[in-house]
>>> print(open('target_19.txt').read())   # compact mmCIF, C-alpha atoms and all ligand atoms
# COMPACT_ATOMS: atom_id res chain seq x y z
CA GLU V 25 33.02 84.32 79.37
CA VAL V 26 30.34 83.01 81.73
CA PRO V 27 30.01 79.73 83.58
CA ARG V 28 27.57 77.28 82.05
CA VAL V 29 24.95 75.87 84.40
CA GLY V 30 23.21 72.57 84.06
CA PRO V 31 24.14 68.96 84.69
CA ALA V 32 27.66 69.41 83.26
CA THR V 33 29.50 72.60 84.16
CA GLY V 34 31.63 74.48 81.67
CA SER V 35 32.09 77.91 80.17
CA VAL V 36 30.31 79.77 77.43
CA SER V 37 31.96 82.61 75.58
CA VAL V 38 29.48 85.34 74.71
CA SER V 39 30.14 88.24 72.33
CA VAL V 40 27.69 91.06 71.80
CA ALA V 41 27.80 93.55 68.94
CA PRO V 42 25.34 96.28 68.07
CA ILE V 43 23.70 96.20 64.64
CA ARG V 44 23.58 99.74 63.32
CA GLY V 45 20.93 101.00 60.95
CA THR V 46 21.14 104.27 59.01
CA SER V 47 19.53 106.14 61.90
CA GLY V 48 21.20 104.47 64.89
CA PRO V 49 21.25 100.95 66.40
CA VAL V 50 18.48 98.61 65.36
CA GLY V 51 19.41 95.60 67.42
CA TRP V 52 22.11 93.41 68.89
CA LEU V 53 23.96 90.41 67.58
CA ILE V 54 24.69 87.96 70.37
CA VAL V 55 26.91 84.95 69.75
CA ALA V 56 27.23 82.33 72.49
CA ARG V 57 29.87 79.67 71.99
CA ASP V 58 30.37 76.68 74.30
CA VAL V 59 34.13 76.69 74.98
CA SER V 60 34.06 74.06 77.74
CA SER V 61 36.03 71.46 75.80
CA VAL V 62 38.67 74.00 74.74
CA ARG V 63 39.10 75.11 78.35
CA ARG V 64 39.26 71.50 79.52
CA LEU V 65 42.01 70.70 77.02
CA GLU V 66 43.93 73.80 78.05
CA ALA V 67 43.73 72.74 81.69
CA LEU V 68 44.92 69.24 80.78
CA ARG V 69 47.89 70.64 78.91
CA ARG V 70 48.79 72.95 81.79
CA ASP V 71 48.62 70.07 84.27
CA PHE V 72 50.75 67.95 81.98
CA VAL V 73 53.47 70.58 81.62
CA ALA V 74 53.44 71.14 85.39
CA ASN V 75 53.73 67.38 85.99
CA VAL V 76 56.58 67.00 83.53
CA SER V 77 58.56 69.81 85.09
CA HIS V 78 57.99 68.39 88.54
CA GLU V 79 59.05 64.91 87.47
CA LEU V 80 62.20 66.28 85.86
CA ARG V 81 63.05 68.60 88.72
CA THR V 82 63.13 65.88 91.36
CA PRO V 83 65.96 63.79 89.88
CA MET V 84 67.80 66.95 88.78
CA ALA V 85 67.72 68.34 92.31
CA SER V 86 68.99 65.09 93.70
CA ILE V 87 71.84 64.87 91.15
CA ARG V 88 72.84 68.42 91.94
CA ALA V 89 72.76 67.93 95.71
CA MET V 90 74.88 64.78 95.50
CA ALA V 91 77.41 66.41 93.16
CA GLU V 92 77.70 69.41 95.47
CA THR V 93 78.23 67.24 98.51
CA LEU V 94 80.93 65.32 96.65
CA LYS V 95 82.59 68.55 95.63
CA ASP V 96 82.48 69.79 99.22
CA GLY V 97 84.67 66.95 100.43
CA ALA V 98 82.60 63.76 100.40
CA LEU V 99 84.84 62.56 97.56
CA ASP V 100 87.49 61.82 100.17
CA ASP V 101 85.26 59.28 101.88
CA PRO V 102 85.24 56.35 99.44
CA SER V 103 82.13 54.65 100.83
CA VAL V 104 80.03 57.83 100.73
CA ALA V 105 81.43 58.77 97.34
CA ASP V 106 80.51 55.38 95.94
CA ARG V 107 76.94 55.57 97.24
CA PHE V 108 76.40 59.10 95.94
CA LEU V 109 77.79 58.27 92.52
CA GLY V 110 75.48 55.27 92.39
CA THR V 111 72.48 57.50 93.10
CA ILE V 112 73.61 60.02 90.51
CA ILE V 113 73.69 57.27 87.89
CA THR V 114 70.26 55.97 88.94
CA GLU V 115 68.73 59.42 88.76
CA ALA V 116 70.33 60.10 85.38
CA GLU V 117 68.89 56.81 84.12
CA ARG V 118 65.53 57.90 85.41
CA LEU V 119 65.72 61.16 83.46
CA THR V 120 66.58 59.20 80.33
CA ARG V 121 63.61 56.90 80.86
CA ILE V 122 61.22 59.81 81.36
CA SER V 123 62.32 61.48 78.15
CA GLU V 124 62.09 58.20 76.23
CA ASP V 125 58.60 57.57 77.59
CA LEU V 126 57.50 61.09 76.70
CA LEU V 127 58.78 60.59 73.16
CA THR V 128 56.92 57.28 72.85
CA LEU V 129 53.77 59.03 74.05
CA SER V 130 53.96 61.94 71.67
CA ASP V 131 54.84 59.55 68.86
CA ALA V 132 51.74 57.47 69.53
CA GLU V 133 49.67 60.62 69.67
CA SER V 134 50.97 62.55 66.71
CA ARG V 135 50.39 60.20 63.83
CA PRO V 136 48.30 57.17 63.05
CA PRO V 137 50.28 53.97 63.63
CA GLU V 138 51.91 52.34 60.62
CA ARG V 139 50.37 48.93 60.46
CA ALA V 140 51.22 45.52 59.16
CA GLU V 141 49.77 42.08 59.67
CA PHE V 142 51.43 39.92 62.30
CA SER V 143 50.67 37.26 64.87
CA LEU V 144 49.72 38.80 68.20
CA THR V 145 50.04 35.38 69.79
CA GLN V 146 53.63 35.03 68.64
CA LEU V 147 54.47 38.57 69.71
CA ALA V 148 53.04 37.91 73.17
CA GLU V 149 55.09 34.70 73.44
CA LEU V 150 58.31 36.47 72.41
CA THR V 151 57.74 39.39 74.75
CA ILE V 152 57.04 37.09 77.65
CA ARG V 153 60.20 35.20 76.99
CA ARG V 154 62.07 38.47 77.32
CA LEU V 155 60.51 39.18 80.70
CA GLU V 156 60.96 35.63 81.96
CA PRO V 157 64.30 36.32 83.74
CA GLN V 158 62.82 39.30 85.54
CA ALA V 159 59.83 37.21 86.69
CA GLN V 160 62.06 34.36 87.79
CA GLN V 161 64.21 36.72 89.78
CA SER V 162 61.13 38.00 91.57
CA GLY V 163 59.87 34.47 92.24
CA ILE V 164 56.86 34.83 89.95
CA THR V 165 55.40 32.25 87.60
CA LEU V 166 54.78 33.80 84.22
CA THR V 167 52.58 31.86 81.81
CA ILE V 168 50.72 32.40 78.57
CA GLN V 169 47.40 31.00 77.42
CA ALA V 170 47.02 31.39 73.70
CA PRO V 171 45.55 28.33 72.06
CA ASP V 172 44.99 29.94 68.65
CA ASP V 173 47.26 31.91 66.40
CA ILE V 174 45.63 35.33 66.35
CA ARG V 175 46.74 37.67 63.63
CA VAL V 176 46.10 41.42 63.76
CA TRP V 177 46.63 44.45 61.54
CA ALA V 178 48.49 46.79 63.85
CA ASN V 179 51.80 48.43 64.67
CA ARG V 180 54.02 45.63 65.92
CA ASP V 181 56.51 47.76 67.87
CA GLN V 182 53.75 49.62 69.62
CA MET V 183 51.87 46.45 70.50
CA GLU V 184 55.10 45.03 71.88
CA GLN V 185 55.42 48.12 74.07
CA VAL V 186 51.84 47.60 75.30
CA ILE V 187 52.50 43.99 76.30
CA LEU V 188 55.85 44.92 77.89
CA ASN V 189 54.32 47.69 79.98
CA LEU V 190 51.42 45.55 81.19
CA VAL V 191 53.50 42.49 82.03
CA ASP V 192 56.21 44.67 83.58
CA ASN V 193 53.59 46.13 85.93
CA ALA V 194 52.08 42.75 86.73
CA VAL V 195 55.52 41.40 87.69
CA LYS V 196 56.51 44.57 89.53
CA TYR V 197 53.33 44.75 91.61
CA THR V 198 53.14 41.06 92.49
CA PRO V 199 54.99 39.68 95.49
CA SER V 200 57.19 36.62 95.29
CA GLY V 201 55.25 33.37 94.92
CA GLY V 202 52.54 34.94 92.79
CA THR V 203 51.53 34.26 89.21
CA VAL V 204 51.11 36.38 86.12
CA THR V 205 49.08 35.02 83.22
CA VAL V 206 48.82 36.50 79.77
CA SER V 207 46.04 35.36 77.50
CA VAL V 208 45.33 36.10 73.86
CA THR V 209 41.88 35.38 72.47
CA THR V 210 39.30 36.85 70.12
CA GLU V 211 35.89 38.23 70.83
CA ASN V 212 33.61 39.28 67.97
CA SER V 213 36.01 40.98 65.57
CA ASN V 214 38.48 42.02 68.25
CA ALA V 215 41.71 40.56 69.49
CA VAL V 216 41.71 40.51 73.27
CA LEU V 217 44.85 40.39 75.37
CA THR V 218 44.60 40.14 79.15
CA VAL V 219 47.28 40.26 81.80
CA THR V 220 46.15 38.80 85.11
CA ASP V 221 48.21 38.91 88.28
CA THR V 222 47.82 37.79 91.88
CA GLY V 223 49.54 40.91 93.16
CA ILE V 224 48.92 43.81 95.50
CA GLY V 225 45.89 45.07 93.60
CA ILE V 226 44.60 48.62 93.32
CA LEU V 227 42.01 50.25 95.56
CA GLN V 228 38.81 51.20 93.71
CA GLU V 229 39.39 54.88 94.43
CA HIS V 230 42.65 54.85 92.44
CA LEU V 231 41.46 52.66 89.58
CA PRO V 232 39.93 55.42 87.44
CA ARG V 233 43.16 57.42 87.56
CA ILE V 234 45.90 54.91 86.85
CA PHE V 235 45.88 55.60 83.10
CA GLU V 236 46.69 59.27 83.68
CA ARG V 237 50.20 60.42 82.90
CA PHE V 238 52.50 60.29 85.92
CA TYR V 239 49.78 58.86 88.17
CA ARG V 240 51.16 56.35 90.66
CA VAL V 241 49.21 54.87 93.52
CA ASP V 242 52.22 54.65 95.80
CA LYS V 243 54.66 57.33 94.69
CA ALA V 244 57.43 56.32 97.05
CA ARG V 245 57.31 52.63 96.22
CA SER V 246 57.02 53.21 92.50
CA ARG V 247 59.93 55.67 92.51
CA GLN V 248 62.01 53.09 94.28
CA SER V 249 61.30 50.59 91.53
CA GLY V 250 62.21 53.23 88.96
CA GLY V 251 58.66 53.88 87.77
CA THR V 252 57.77 57.11 86.00
CA GLY V 253 54.00 56.62 85.99
CA LEU V 254 53.87 56.82 82.21
CA GLY V 255 53.60 53.11 81.40
CA LEU V 256 49.82 52.82 81.46
CA SER V 257 49.20 56.13 79.73
CA ILE V 258 51.38 54.85 76.89
CA VAL V 259 49.31 51.65 76.80
CA LYS V 260 46.07 53.62 76.63
CA ASN V 261 47.36 55.96 73.94
CA ILE V 262 48.57 53.17 71.69
CA VAL V 263 45.48 51.02 72.11
CA GLU V 264 43.12 53.92 71.42
CA ALA V 265 45.16 54.99 68.39
CA HIS V 266 44.42 51.49 67.07
CA GLY V 267 40.70 52.03 67.60
CA GLY V 268 40.70 49.76 70.62
CA ARG V 269 40.10 50.13 74.32
CA VAL V 270 41.70 49.24 77.60
CA GLU V 271 40.13 48.25 80.90
CA ALA V 272 41.37 47.48 84.38
CA GLN V 273 39.77 45.52 87.17
CA SER V 274 41.34 44.98 90.51
CA GLU V 275 40.80 43.74 93.97
CA TYR V 276 43.00 45.16 96.68
CA ASN V 277 45.53 42.63 97.97
CA ARG V 278 44.24 39.99 95.55
CA GLY V 279 45.33 41.01 92.11
CA SER V 280 44.51 42.86 88.93
CA VAL V 281 43.34 42.17 85.41
CA PHE V 282 44.27 44.46 82.54
CA ARG V 283 42.38 43.83 79.33
CA ILE V 284 43.04 45.38 75.96
CA GLU V 285 40.91 44.98 72.91
CA ILE V 286 41.88 45.96 69.38
CA PRO V 287 40.02 45.43 66.12
CA ILE V 288 41.60 42.50 64.28
CA SER V 289 41.35 44.18 60.94
CA PRO V 290 40.07 47.75 60.94
CA ASN V 291 39.26 49.44 57.63
CA ARG V 292 42.53 49.27 55.79
CA ILE V 293 42.98 52.87 54.76
N1 LIG G 301 49.32 45.14 87.92
C1 LIG G 301 49.25 46.12 88.82
N2 LIG G 301 49.00 45.85 90.14
C2 LIG G 301 48.93 46.83 91.05
N3 LIG G 301 49.09 48.15 90.78
C3 LIG G 301 49.34 48.49 89.49
C4 LIG G 301 49.43 47.50 88.46
N4 LIG G 301 49.68 48.14 87.29
C5 LIG G 301 49.73 49.46 87.59
N5 LIG G 301 49.53 49.68 88.91
C6 LIG G 301 49.48 50.99 89.59
O1 LIG G 301 49.24 51.98 88.61
C7 LIG G 301 50.29 52.95 88.62
C8 LIG G 301 50.55 53.45 87.22
O2 LIG G 301 51.17 52.44 86.43
P1 LIG G 301 52.20 52.84 85.30
O3 LIG G 301 52.63 51.60 84.61
O4 LIG G 301 51.57 53.92 84.48
O5 LIG G 301 53.40 53.51 86.10
P2 LIG G 301 54.62 52.84 86.91
O6 LIG G 301 54.58 51.35 86.77
O7 LIG G 301 54.60 53.41 88.27
O8 LIG G 301 55.87 53.43 86.18
P3 LIG G 301 56.40 53.08 84.69
O9 LIG G 301 56.28 54.39 83.96
O10 LIG G 301 57.79 52.64 84.89
O11 LIG G 301 55.50 52.03 84.11
C9 LIG G 301 51.48 52.26 89.27
O12 LIG G 301 52.33 53.17 89.91
C10 LIG G 301 50.80 51.34 90.27
O13 LIG G 301 50.50 52.05 91.44
MG MG G 302 54.49 50.54 84.77
>>> encode(input="target_19.txt", output="structure tokens")
Amino acid sequence: EVPRVGPATGSVSVSVAPIRGTSGPVGWLIVARDVSSVRRLEALRRDFVANVSHELRTPMASIRAMAETLKDGALDDPSVADRFLGTIITEAERLTRISEDLLTLSDAESRPPERAEFSLTQLAELTIRRLEPQAQQSGITLTIQAPDDIRVWANRDQMEQVILNLVDNAVKYTPSGGTVTVSVTTENSNAVLTVTDTGIGILQEHLPRIFERFYRVDKARSRQSGGTGLGLSIVKNIVEAHGGRVEAQSEYNRGSVFRIEIPISPNRI
């Protein structure tokens, strides 16, 4: 295998075989195959497996350390014991969330979504109502702008997950006193849902990476809030499986806009 030169690097797999005539070799058969995309996918898969094991190992290590300390006598100190048990529960919950998120991801990836017609506007309203208490608790005004009833042909559960993940982020990454606005509109033959917040924003250098699995701008802060870094990759997976696309714009310290677009009625196959 040799490296490919040119504007985009990659690898080319070359095989050479002699062509034999009746009285010895008469030539060579050379096959060159561009294997760049295969290699790229392999590297992605390797990274993913490495990331998953790392993400699982961290809470496991912490559960184990706490349990060992308890066993070694900390059980006798009620205040320490209580704190450690609390952390053990939190970390166990985190493990559960990671495995659930991974399942959602592989589900969205493995088969085309089962679709039905429903009102995206109504779904957005219902989902927002569910997140209202969380927003209120954080001192955030959560509103929806959806003047028309927009119906789509999509997987309702998955679209609900998309809205949940986006609004959950907007609320989580917006300080008290801020606002989060969800809007549902149409553009050409697409339904467009945007989630706009007045939160902490994302530096331009991080923006291209936030849809990657496990990518978090501020690992420590996001861990504290229980984040796994899978939310946006789930959003991207689902939206793309619906033939749509997702886009993020942000200004550091000012806020972010996440915009998803899905065809209202793709070819009903
Ligand atoms: N609205 C937002 N404002 C600022 N930063 C954001 C926003 N949404 C996402 N981010 C950044 O992008 C990162 C990835 O988001 P993602 O939703 O994938 O993971 P998470 O929120 O950390 O964890 P979870 O898996 O629980 O959603 C976040 O850690 C955060 O740094
Ligand atoms: Mg999130």
>>> closest_residue(input="target_19.txt", among="V:Thr111, V:Asn189, V:Asn214, V:Ser207", to="ligand LIG 301 (chain G)", atoms="all atoms listed in the file")
V:Asn189
>>> residues_around(input="target_19.txt", residues="V:Asn179", least_positions_apart="3", cutoff="12 Å", atoms="all atoms listed in the file", output="PDB file with C-alpha atoms, in the coordinates of the input")
ATOM      1  CA  ALA V 132      51.740  57.470  69.530  1.00  0.00           C
ATOM      2  CA  ARG V 135      50.390  60.200  63.830  1.00  0.00           C
ATOM      3  CA  PRO V 136      48.300  57.170  63.050  1.00  0.00           C
ATOM      4  CA  PRO V 137      50.280  53.970  63.630  1.00  0.00           C
ATOM      5  CA  GLU V 138      51.910  52.340  60.620  1.00  0.00           C
ATOM      6  CA  ARG V 139      50.370  48.930  60.460  1.00  0.00           C
ATOM      7  CA  ALA V 140      51.220  45.520  59.160  1.00  0.00           C
ATOM      8  CA  GLU V 141      49.770  42.080  59.670  1.00  0.00           C
ATOM      9  CA  PHE V 142      51.430  39.920  62.300  1.00  0.00           C
ATOM     10  CA  SER V 143      50.670  37.260  64.870  1.00  0.00           C
ATOM     11  CA  LEU V 144      49.720  38.800  68.200  1.00  0.00           C
ATOM     12  CA  LEU V 147      54.470  38.570  69.710  1.00  0.00           C
ATOM     13  CA  ARG V 175      46.740  37.670  63.630  1.00  0.00           C
ATOM     14  CA  VAL V 176      46.100  41.420  63.760  1.00  0.00           C
ATOM     15  CA  GLN V 182      53.750  49.620  69.620  1.00  0.00           C
ATOM     16  CA  MET V 183      51.870  46.450  70.500  1.00  0.00           C
ATOM     17  CA  GLU V 184      55.100  45.030  71.880  1.00  0.00           C
ATOM     18  CA  GLN V 185      55.420  48.120  74.070  1.00  0.00           C
ATOM     19  CA  VAL V 186      51.840  47.600  75.300  1.00  0.00           C
ATOM     20  CA  ILE V 262      48.570  53.170  71.690  1.00  0.00           C
ATOM     21  CA  VAL V 263      45.480  51.020  72.110  1.00  0.00           C
ATOM     22  CA  ALA V 265      45.160  54.990  68.390  1.00  0.00           C
ATOM     23  CA  HIS V 266      44.420  51.490  67.070  1.00  0.00           C
ATOM     24  CA  ILE V 286      41.880  45.960  69.380  1.00  0.00           C
ATOM     25  CA  ILE V 288      41.600  42.500  64.280  1.00  0.00           C
ATOM     26  CA  SER V 289      41.350  44.180  60.940  1.00  0.00           C
TER      27      SER V 289
END
>>> residues_around(input="target_19.txt", residues="V:Val73", least_positions_apart="5", cutoff="12 Å", atoms="all atoms listed in the file", output="list in words")
Glu66, Ala67, Leu68, His78, Glu79, Leu80, Leu126, Arg237 and Phe238 of chain V
>>> residues_around(input="target_19.txt", residues="V:Asp58", least_positions_apart="4", cutoff="10 Å", atoms="all atoms listed in the file", output="count of residues only")
11
>>> residues_around(input="target_19.txt", residues="V:Asp221", least_positions_apart="3", cutoff="8 Å", atoms="only C-alpha atoms", output="short mmCIF file (atom, residue, chain, number, x, y, z; two decimals) with C-alpha atoms, in the coordinates of the input")
data_model
loop_
_atom_site.label_atom_id
_atom_site.label_comp_id
_atom_site.auth_asym_id
_atom_site.auth_seq_id
_atom_site.Cartn_x
_atom_site.Cartn_y
_atom_site.Cartn_z
CA ALA V 194 52.08 42.75 86.73
CA VAL V 195 55.52 41.40 87.69
CA THR V 198 53.14 41.06 92.49
CA GLY V 202 52.54 34.94 92.79
CA THR V 203 51.53 34.26 89.21
CA VAL V 204 51.11 36.38 86.12
CA THR V 205 49.08 35.02 83.22
CA GLY V 279 45.33 41.01 92.11
CA SER V 280 44.51 42.86 88.93
CA VAL V 281 43.34 42.17 85.41
#
>>> residues_around(input="target_19.txt", residues="stretch 52-56 of chain V", least_positions_apart="5", cutoff="6 Å", atoms="only C-alpha atoms", output="ChimeraX atom specification")
/V:37-43
>>> closest_residue(input="target_19.txt", among="V:Arg245, V:Ala215, V:Thr114, V:Glu124", to="V:Ala178", atoms="all atoms listed in the file")
V:Ala215
>>> residues_near_ligand(input="target_19.txt", ligand="ligand LIG 301 (chain G)", cutoff="7 Å", atoms="all atoms listed in the file", output="mmCIF file with C-alpha atoms, keeping the file's coordinate frame")
data_model
loop_
_atom_site.group_PDB
_atom_site.id
_atom_site.type_symbol
_atom_site.label_atom_id
_atom_site.label_comp_id
_atom_site.auth_asym_id
_atom_site.auth_seq_id
_atom_site.Cartn_x
_atom_site.Cartn_y
_atom_site.Cartn_z
ATOM 1 C CA ASN V 189 54.320 47.690 79.980
ATOM 2 C CA LEU V 190 51.420 45.550 81.190
ATOM 3 C CA ASN V 193 53.590 46.130 85.930
ATOM 4 C CA ALA V 194 52.080 42.750 86.730
ATOM 5 C CA TYR V 197 53.330 44.750 91.610
ATOM 6 C CA THR V 198 53.140 41.060 92.490
ATOM 7 C CA ASP V 221 48.210 38.910 88.280
ATOM 8 C CA GLY V 223 49.540 40.910 93.160
ATOM 9 C CA ILE V 224 48.920 43.810 95.500
ATOM 10 C CA GLY V 225 45.890 45.070 93.600
ATOM 11 C CA ILE V 226 44.600 48.620 93.320
ATOM 12 C CA ILE V 234 45.900 54.910 86.850
ATOM 13 C CA PHE V 235 45.880 55.600 83.100
ATOM 14 C CA ARG V 237 50.200 60.420 82.900
ATOM 15 C CA PHE V 238 52.500 60.290 85.920
ATOM 16 C CA TYR V 239 49.780 58.860 88.170
ATOM 17 C CA ARG V 240 51.160 56.350 90.660
ATOM 18 C CA VAL V 241 49.210 54.870 93.520
ATOM 19 C CA ASP V 242 52.220 54.650 95.800
ATOM 20 C CA LYS V 243 54.660 57.330 94.690
ATOM 21 C CA SER V 246 57.020 53.210 92.500
ATOM 22 C CA GLY V 250 62.210 53.230 88.960
ATOM 23 C CA GLY V 251 58.660 53.880 87.770
ATOM 24 C CA THR V 252 57.770 57.110 86.000
ATOM 25 C CA GLY V 253 54.000 56.620 85.990
ATOM 26 C CA LEU V 254 53.870 56.820 82.210
ATOM 27 C CA GLY V 255 53.600 53.110 81.400
ATOM 28 C CA LEU V 256 49.820 52.820 81.460
ATOM 29 C CA SER V 257 49.200 56.130 79.730
ATOM 30 C CA GLY V 279 45.330 41.010 92.110
ATOM 31 C CA SER V 280 44.510 42.860 88.930
#
>>> axis_aligned_box(input="target_19.txt", around="stretch 211-220 of chain V", padding_each_side="5 Å", output="JSON")
{"center_x": 40.4, "center_y": 40.1, "center_z": 75.3, "size_x": 23.7, "size_y": 13.8, "size_z": 29.5}
